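Just below is one structure, and these are the notes that go with it.
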There are 2 protein chains.
Amino acid sequence: MSIKHILLGVISWYPASGYGIKKEVEYKGREQSWGSISYGSIYPQLKKLEEEHFIYCYEAQEHGRATKVYDLTKKGWDELESWLSETPQQPIVRDELRMKMSFWKAGHLGDVQHLIRHLEQRKEASHQMLEHYKGWENNDISMITDIAALSMEYTNLHLKMELEWIEKTLRRLREQDLPTTKDPNHLLEKAYKRKAQQI
Amino acid sequence: MSIKHILLGVISWYPASGYGIKKEVEYKGREQSWGSISYGSIYPQLKKLEEEHFIYCYEAQEHGRATKVYDLTKKGWDELESWLSETPQQPIVRDELRMKMSFWKAGHLGDVQHLIRHLEQRKEASHQMLEHYKGWENNDISMITDIAALSMEYTNLHLKMELEWIEKTLRRLREQDLPTTKDPNHLLEKAYKRKAQQI
DNA sequence: TTGGACATGTAACGGGTTACATGATTGA
DNA sequence: TCAATCATGTAACCCGTTACATGTCCAA
């Protein structure tokens, strides 16, 4: 992935400044769930890309304010094209909520009331993202390519799936309708005995 | 998130060595999609956690081989408990395939045949993960808590959703049944004109 | 006139990986 | 006997963020 290709990609949409790229990534990034990038990465990276002739720079007046605007060179377009053709990395997911759930054990480790709170917060966040997505879909100012629209559909399906899972999970937690713990080698049994013995 | 709590969490299942923790994370991590951890993080972190008295260490003979096995102290269990109660971070997703799709534009940027190949590879990977998941669900050796089983259900739903999306997307790409590009400000139009003009 | 968005940048730090180094045990 | 797996560790490096520094323009 790397910052480099995000920068080249965004600049492929329109000539942009460091500041503008950050704004675009934050906005577009919400639907596509790519998080944000800090200025501490953007500006040095733009400088480097310019030195390597992937992009070039010119001064522009954007509503009265001077900005450094970057555009792709031939080499930049080629690099982007070549990156697209490379096999993408396996996706990386870090979901702290589900990580915590891996260790949680009702009645032994973690308070179920806390988990319910975590899930409610996640529900709210996902709900808002879905609203944002819907608003985006129907506005008539945002640009999106044919292929990018296919990718956006993923986000939509994902959010819906997530909300259904949250609802179902909350229901099961509240009604104490939990799956049965599988512990064929009595590891957990031993573990919580160990826990109780610690001073 | 951080390595720290993964280590404490895994050790909460059973006393383990650095090597064993890596194995467990790689295996369990597949269903829960937490990727892997390198020895370069595990060993120094275990040392640090021992110095801070979250874990303690003893020598053990595991099938004839001497290993350093770590277990949680009272302080370690408390730290784990307290971490579980904290509001989890927003999940982080880096999906290079969908990132690439954001910039792709049929006939202008990126070769659709390459995209089809990327999607087929992803389909294969997701399919295998789903098989792995099913095998895991039905085996009678793996341990899982009640709450962790709820989290696993997420993985299952996610993989199924992903496979359906891939199928649908492949079909649309092959039948050239693409969504219409939205470009109200003619940005893309200009962009690809710029591209054509670069020497 | 002042706070907030616009705009660009650097230096220190952090949390991880990669690559390297080492050695024991086991099964083909 | 030799490759693979088990097992532990360190040092260099990379890629990013955080915090800091600086200045402009506009609207309330």
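Here's how to read the names in the structure tokens: chain A, B, ... by the order shown, residue numbers from 1 in each chain, ligand numbers from 1 in the order shown.
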
Exercise for the section: Tell me which protein, DNA and RNA residues are within 10 Å of stretch 3-15 of chain C, counting only C-alpha atoms (C1' of nucleotides), leaving out same-chain ones fewer than 3 positions away, and put them as a PyMOL selection string. Expected result: (chain A and resi 17-20+39-40+43-44+65-68) or (chain B and resi 2-3+41) or (chain D and resi 16-28)

Can I get the selection written as a CSV table (one decimal), in the first residue's frame, with N, CA and C atoms (P, O5', C5', C4', C3', O3' and C1' of nucleotides)?
```csv
chain,number,residue,atom,x,y,z
A,17,SER,N,-3.0,19.9,-3.6
A,17,SER,CA,-2.0,20.3,-2.6
A,17,SER,C,-1.9,19.3,-1.5
A,18,GLY,N,-0.9,19.4,-0.7
A,18,GLY,CA,-0.8,18.5,0.5
A,18,GLY,C,-2.0,18.6,1.4
A,19,TYR,N,-2.3,19.8,1.7
A,19,TYR,CA,-3.5,20.0,2.5
A,19,TYR,C,-4.8,19.4,1.9
A,20,GLY,N,-4.9,19.7,0.6
A,20,GLY,CA,-6.1,19.2,-0.1
A,20,GLY,C,-6.2,17.7,-0.2
A,39,TYR,N,0.1,15.0,8.2
A,39,TYR,CA,1.0,16.0,7.4
A,39,TYR,C,2.4,15.5,7.5
A,40,GLY,N,2.8,15.0,8.6
A,40,GLY,CA,4.1,14.5,8.8
A,40,GLY,C,4.5,13.4,7.8
A,43,TYR,N,3.8,15.7,3.5
A,43,TYR,CA,4.7,16.7,2.9
A,43,TYR,C,6.1,16.2,2.5
A,44,PRO,N,6.7,15.4,3.4
A,44,PRO,CA,8.0,14.8,3.0
A,44,PRO,C,7.9,13.9,1.8
A,65,ARG,N,-5.7,32.3,-2.0
A,65,ARG,CA,-4.6,31.8,-1.2
A,65,ARG,C,-3.6,31.1,-2.1
A,66,ALA,N,-2.3,31.3,-1.8
A,66,ALA,CA,-1.3,30.6,-2.6
A,66,ALA,C,-1.1,29.2,-2.1
A,67,THR,N,-1.1,28.3,-3.1
A,67,THR,CA,-0.9,26.9,-2.7
A,67,THR,C,0.1,26.2,-3.7
A,68,LYS,N,0.8,25.2,-3.2
A,68,LYS,CA,1.6,24.4,-4.0
A,68,LYS,C,0.8,23.2,-4.5
B,2,SER,N,-1.9,-3.2,20.3
B,2,SER,CA,-0.5,-3.4,20.7
B,2,SER,C,-0.3,-4.9,21.0
B,3,ILE,N,0.9,-5.2,20.8
B,3,ILE,CA,1.4,-6.6,21.0
B,3,ILE,C,1.2,-7.0,22.5
B,41,SER,N,9.3,-8.7,17.8
B,41,SER,CA,8.4,-8.0,18.7
B,41,SER,C,8.2,-8.8,20.0
D,16,DG,P,4.0,4.5,5.1
D,16,DG,O5',3.5,5.5,6.3
D,16,DG,C5',2.6,5.1,7.2
D,16,DG,C4',2.9,5.4,8.6
D,16,DG,C3',2.5,6.8,9.0
D,16,DG,O3',1.1,6.9,9.3
D,16,DG,C1',4.5,6.1,10.0
D,17,DT,P,0.4,8.3,9.6
D,17,DT,O5',0.7,8.5,11.1
D,17,DT,C5',0.4,7.5,12.1
D,17,DT,C4',0.8,8.0,13.4
D,17,DT,C3',0.1,9.3,13.9
D,17,DT,O3',-0.3,9.1,15.2
D,17,DT,C1',2.5,9.5,13.9
D,18,DT,P,-1.2,10.3,15.9
D,18,DT,O5',-0.1,11.1,16.8
D,18,DT,C5',0.9,10.4,17.4
D,18,DT,C4',1.7,11.4,18.3
D,18,DT,C3',1.0,12.7,18.7
D,18,DT,O3',1.3,12.9,20.1
D,18,DT,C1',2.9,13.3,17.4
D,19,DA,P,0.7,14.2,20.9
D,19,DA,O5',1.9,15.3,20.7
D,19,DA,C5',3.3,14.9,20.8
D,19,DA,C4',4.2,16.1,20.5
D,19,DA,C3',3.6,17.4,20.9
D,19,DA,O3',4.6,18.2,21.6
D,19,DA,C1',4.2,17.5,18.6
D,20,DC,P,4.3,19.7,22.1
D,20,DC,O5',5.0,20.6,21.0
D,20,DC,C5',6.4,20.3,20.8
D,20,DC,C4',6.9,21.0,19.5
D,20,DC,C3',6.6,22.5,19.5
D,20,DC,O3',7.9,23.1,19.5
D,20,DC,C1',6.0,21.5,17.5
D,21,DA,P,8.0,24.7,19.7
D,21,DA,O5',8.0,25.3,18.3
D,21,DA,C5',9.0,24.9,17.3
D,21,DA,C4',8.7,25.7,16.0
D,21,DA,C3',8.1,27.1,16.2
D,21,DA,O3',9.0,28.0,15.5
D,21,DA,C1',6.8,25.8,14.6
D,22,DT,P,8.7,29.6,15.7
D,22,DT,O5',8.2,30.0,14.2
D,22,DT,C5',8.3,29.2,13.1
D,22,DT,C4',7.3,29.6,12.0
D,22,DT,C3',6.7,30.9,12.3
D,22,DT,O3',7.2,31.9,11.3
D,22,DT,C1',5.1,29.3,11.5
D,23,DG,P,6.9,33.5,11.4
D,23,DG,O5',5.6,33.6,10.5
D,23,DG,C5',5.7,33.3,9.1
D,23,DG,C4',4.3,33.1,8.5
D,23,DG,C3',3.4,34.3,8.7
D,23,DG,O3',3.2,34.9,7.5
D,23,DG,C1',2.3,32.1,8.9
D,24,DT,P,2.1,36.1,7.3
D,24,DT,O5',0.9,35.4,6.6
D,24,DT,C5',1.1,34.8,5.3
D,24,DT,C4',-0.2,34.4,4.8
D,24,DT,C3',-1.3,35.5,4.7
D,24,DT,O3',-1.9,35.4,3.5
D,24,DT,C1',-2.1,33.8,6.1
D,25,DC,P,-2.6,36.6,2.8
D,25,DC,O5',-4.2,36.3,2.9
D,25,DC,C5',-4.7,35.0,2.5
D,25,DC,C4',-6.0,34.7,3.1
D,25,DC,C3',-7.0,35.9,3.1
D,25,DC,O3',-8.1,35.4,2.4
D,25,DC,C1',-6.9,34.9,5.3
D,26,DC,P,-9.3,36.4,1.8
D,26,DC,O5',-10.5,36.0,2.8
D,26,DC,C5',-10.8,34.7,3.1
D,26,DC,C4',-11.7,34.6,4.3
D,26,DC,C3',-12.8,35.6,4.4
D,26,DC,O3',-14.0,34.9,4.6
D,26,DC,C1',-11.6,35.4,6.5
D,27,DA,P,-15.4,35.6,4.1
D,27,DA,O5',-16.3,35.4,5.4
D,27,DA,C5',-16.3,34.1,6.1
D,27,DA,C4',-16.5,34.3,7.5
D,27,DA,C3',-17.7,35.2,7.9
D,27,DA,O3',-18.4,34.6,8.9
D,27,DA,C1',-15.8,35.9,9.0
D,28,DA,P,-19.9,34.9,9.2
D,28,DA,O5',-20.0,35.1,10.8
D,28,DA,C5',-19.4,34.1,11.7
D,28,DA,C4',-19.0,34.7,13.0
D,28,DA,C3',-20.2,35.6,13.6
D,28,DA,O3',-20.4,35.3,14.9
D,28,DA,C1',-18.1,36.8,13.4
```

Problem - Residue list (strand (DSSP E or B), DSSP) for chain A, as a list of chain:residue names - result: A:Ala16, A:Ile55, A:Tyr56, A:Cys57, A:Tyr58, A:Glu59, A:Ala60, A:Gln61, A:Glu62, A:Arg65, A:Ala66, A:Thr67, A:Lys68, A:Val69, A:Tyr70, A:Asp71, A:Leu72, A:Ile92, A:Val93, A:Arg94, A:Lys105, A:Leu109, A:Ile144, A:Lys182

Those residues with N, CA, C and O atoms, as a tab-separated table (two decimals), in the first residue's frame please?
```tsv
chain	number	residue	atom	x	y	z
A	16	ALA	N	-3.50	18.53	-6.92
A	16	ALA	CA	-3.87	18.82	-5.55
A	16	ALA	C	-2.68	19.24	-4.70
A	16	ALA	O	-1.53	18.95	-5.02
A	55	ILE	N	5.87	13.33	-9.80
A	55	ILE	CA	4.96	14.46	-9.82
A	55	ILE	C	5.75	15.74	-10.06
A	55	ILE	O	6.97	15.75	-9.88
A	56	TYR	N	5.06	16.78	-10.48
A	56	TYR	CA	5.71	18.09	-10.56
A	56	TYR	C	4.81	19.10	-9.87
A	56	TYR	O	3.63	18.83	-9.61
A	57	CYS	N	5.38	20.26	-9.59
A	57	CYS	CA	4.71	21.20	-8.71
A	57	CYS	C	4.57	22.56	-9.38
A	57	CYS	O	5.45	22.98	-10.14
A	58	TYR	N	3.46	23.25	-9.14
A	58	TYR	CA	3.35	24.64	-9.56
A	58	TYR	C	2.56	25.43	-8.54
A	58	TYR	O	1.75	24.87	-7.79
A	59	GLU	N	2.80	26.74	-8.51
A	59	GLU	CA	2.09	27.62	-7.57
A	59	GLU	C	0.72	27.93	-8.16
A	59	GLU	O	0.61	28.17	-9.36
A	60	ALA	N	-0.28	27.91	-7.32
A	60	ALA	CA	-1.61	28.29	-7.82
A	60	ALA	C	-2.33	29.15	-6.79
A	60	ALA	O	-2.00	29.13	-5.61
A	61	GLN	N	-3.27	29.93	-7.26
A	61	GLN	CA	-4.10	30.73	-6.36
A	61	GLN	C	-5.44	30.03	-6.19
A	61	GLN	O	-6.22	29.96	-7.13
A	62	GLU	N	-5.65	29.47	-5.02
A	62	GLU	CA	-6.95	28.84	-4.77
A	62	GLU	C	-7.74	29.75	-3.84
A	62	GLU	O	-7.33	29.97	-2.70
A	65	ARG	N	-5.66	32.30	-2.01
A	65	ARG	CA	-4.56	31.82	-1.18
A	65	ARG	C	-3.56	31.07	-2.06
A	65	ARG	O	-3.96	30.29	-2.92
A	66	ALA	N	-2.28	31.33	-1.83
A	66	ALA	CA	-1.26	30.65	-2.62
A	66	ALA	C	-1.08	29.21	-2.14
A	66	ALA	O	-0.91	28.97	-0.94
A	67	THR	N	-1.14	28.27	-3.07
A	67	THR	CA	-0.89	26.88	-2.68
A	67	THR	C	0.06	26.22	-3.68
A	67	THR	O	0.14	26.62	-4.83
A	68	LYS	N	0.77	25.19	-3.17
A	68	LYS	CA	1.63	24.40	-4.03
A	68	LYS	C	0.82	23.22	-4.53
A	68	LYS	O	0.43	22.34	-3.76
A	69	VAL	N	0.55	23.24	-5.84
A	69	VAL	CA	-0.29	22.18	-6.41
A	69	VAL	C	0.58	21.18	-7.16
A	69	VAL	O	1.49	21.57	-7.89
A	70	TYR	N	0.30	19.91	-6.96
A	70	TYR	CA	1.07	18.85	-7.60
A	70	TYR	C	0.24	18.15	-8.67
A	70	TYR	O	-0.96	17.94	-8.49
A	71	ASP	N	0.89	17.77	-9.76
A	71	ASP	CA	0.23	16.98	-10.80
A	71	ASP	C	1.17	15.84	-11.21
A	71	ASP	O	2.37	15.90	-10.98
A	72	LEU	N	0.60	14.81	-11.81
A	72	LEU	CA	1.39	13.64	-12.23
A	72	LEU	C	2.19	13.93	-13.50
A	72	LEU	O	1.71	14.60	-14.40
A	92	ILE	N	-5.39	-6.14	5.59
A	92	ILE	CA	-5.01	-6.15	7.00
A	92	ILE	C	-6.17	-5.58	7.81
A	92	ILE	O	-6.68	-4.52	7.49
A	93	VAL	N	-6.60	-6.31	8.82
A	93	VAL	CA	-7.70	-5.85	9.67
A	93	VAL	C	-7.23	-5.87	11.11
A	93	VAL	O	-6.69	-6.88	11.57
A	94	ARG	N	-7.37	-4.76	11.80
A	94	ARG	CA	-7.13	-4.77	13.25
A	94	ARG	C	-8.40	-4.27	13.93
A	94	ARG	O	-8.71	-3.10	13.88
A	105	LYS	N	-14.59	-14.10	28.62
A	105	LYS	CA	-15.32	-15.32	28.99
A	105	LYS	C	-16.34	-14.95	30.06
A	105	LYS	O	-15.97	-14.59	31.18
A	109	LEU	N	-13.79	-13.73	32.75
A	109	LEU	CA	-12.83	-12.69	32.32
A	109	LEU	C	-13.59	-11.64	31.52
A	109	LEU	O	-14.17	-11.95	30.48
A	144	ILE	N	-17.09	9.68	-8.83
A	144	ILE	CA	-16.70	8.29	-8.58
A	144	ILE	C	-16.63	7.53	-9.91
A	144	ILE	O	-17.49	7.70	-10.77
A	182	LYS	N	-16.36	-24.12	24.17
A	182	LYS	CA	-15.72	-25.40	23.83
A	182	LYS	C	-14.38	-25.44	24.53
A	182	LYS	O	-13.57	-24.55	24.35
```

Problem - Separation of atom CA of B:Asn156 from atom CA of A:Thr169, in Å and rounded to one decimal - result: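 Computed distance, atom CA of B:Asn156 to atom CA of A:Thr169, equals 13.8 Å.
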
Practice task
Report as JSON, numbers by chain: the residues of stretch 20-134 of chain B with a DSSP assignment of alpha helix (DSSP H), based on the backbone of this structure.
Solution key: {"B": [20, 21, 22, 23, 24, 25, 26, 27, 28, 29, 30, 31, 32, 39, 40, 41, 42, 43, 44, 45, 46, 47, 48, 49, 50, 51, 74, 75, 76, 77, 78, 79, 80, 81, 82, 83, 84, 85, 96, 97, 98, 99, 100, 101, 102, 103, 112, 113, 114, 115, 116, 117, 118, 119, 120, 121, 122, 123, 124, 125, 126, 127, 128, 129, 130, 131, 132, 133, 134]}

Practice task
Write out as number ranges by chain each polymer residue whose atoms come within 10 Å of B:Phe103, counting only C-alpha atoms (C1' of nucleotides); drop sequence neighbours fewer than 3 positions from it.
Solution key: A: 5-6, 8-13, 80-81, 84, 144-148; B: 98-100, 109-110

Kindly save the residues from that selection, with C-alpha atoms included, as a compact mmCIF listing (two decimals), in the first residue's frame.
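Writing done, so here's again.txt:
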```
# COMPACT_ATOMS: atom_id res chain seq x y z
CA HIS A 5 0.33 5.26 -4.08
CA ILE A 6 -2.43 6.98 -2.17
CA LEU A 8 -0.38 9.35 -6.74
CA GLY A 9 -3.95 8.02 -6.84
CA VAL A 10 -5.54 11.13 -5.38
CA ILE A 11 -3.49 13.38 -7.66
CA SER A 12 -4.74 11.28 -10.60
CA TRP A 13 -8.21 12.63 -9.81
CA LEU A 80 0.21 4.26 -10.98
CA GLU A 81 -0.71 2.02 -13.89
CA LEU A 84 -2.62 -1.27 -10.27
CA ILE A 144 -16.70 8.29 -8.58
CA THR A 145 -15.44 5.97 -11.31
CA ASP A 146 -17.33 2.92 -12.57
CA ILE A 147 -14.91 0.53 -10.82
CA ALA A 148 -14.75 2.55 -7.60
CA ARG B 98 -10.29 -1.92 -2.88
CA MET B 99 -7.83 0.97 -2.64
CA LYS B 100 -6.72 0.20 -6.18
CA LEU B 109 -6.67 3.75 -15.86
CA GLY B 110 -5.85 0.11 -15.09
```

Only residues of chain D matter here; which ones have an atom within 12 Å of chain B, counting only C-alpha atoms (C1' of nucleotides)? Give them as a PDB file with C-alpha atoms (C1' of nucleotides), in the first residue's frame.
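Resulting contents of result.pdb:
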```
ATOM      1  C1'  DT D   5      11.131 -27.729  12.881  1.00  0.00           C
ATOM      2  C1'  DC D   6      11.672 -26.127  17.506  1.00  0.00           C
ATOM      3  C1'  DA D   7      13.466 -22.297  20.134  1.00  0.00           C
ATOM      4  C1'  DT D   8      15.496 -17.684  21.576  1.00  0.00           C
ATOM      5  C1'  DG D   9      17.331 -13.598  20.814  1.00  0.00           C
ATOM      6  C1'  DT D  10      19.489  -8.794  18.875  1.00  0.00           C
ATOM      7  C1'  DA D  11      20.465  -4.779  15.834  1.00  0.00           C
ATOM      8  C1'  DA D  12      19.403  -2.149  12.015  1.00  0.00           C
TER       9       DA D  12
END
```

Exercise for the section: Please identify every residue of chain C that has at least one atom no more than 8 Å from any atom of chain B, counting only C-alpha atoms (C1' of nucleotides), and report them as a PyMOL selection string. Expected result: chain C and resi 16-17+24-25

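Residues in contact range of D:DC2, defined as at most 12 Å between only C-alpha atoms (C1' of nucleotides), with sequence neighbours fewer than 3 positions away removed, read DT26, DG27 and DA28 of chain C.
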
Problem - Nearest-residue call for chain A, choices B:Glu167, B:Asp95, B:Glu137, B:Glu124, using only C-alpha atoms - result: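 For chain A, the nearest of the given residues is B:Asp95.
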
Handout entry: Nearest to chain A, chosen from B:Ile21, B:Leu97, B:Leu163, B:Met152, with only C-alpha atoms counted in the distances
Key = B:Leu97

Handout entry: Atom-to-atom span, atom CA of B:Ser85 and atom CA of A:Glu26, Å
Key =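 Going from atom CA of B:Ser85 over to atom CA of A:Glu26 covers 29.0 Å.
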
Handout entry: Spatial neighbours of B:Glu153, max dist 10 Å, only C-alpha atoms (C1' of nucleotides), sep filter under 5 positions, as JSON, numbers by chain
Key = {"A": [165, 169], "B": [31, 32, 133, 148, 158, 159]}
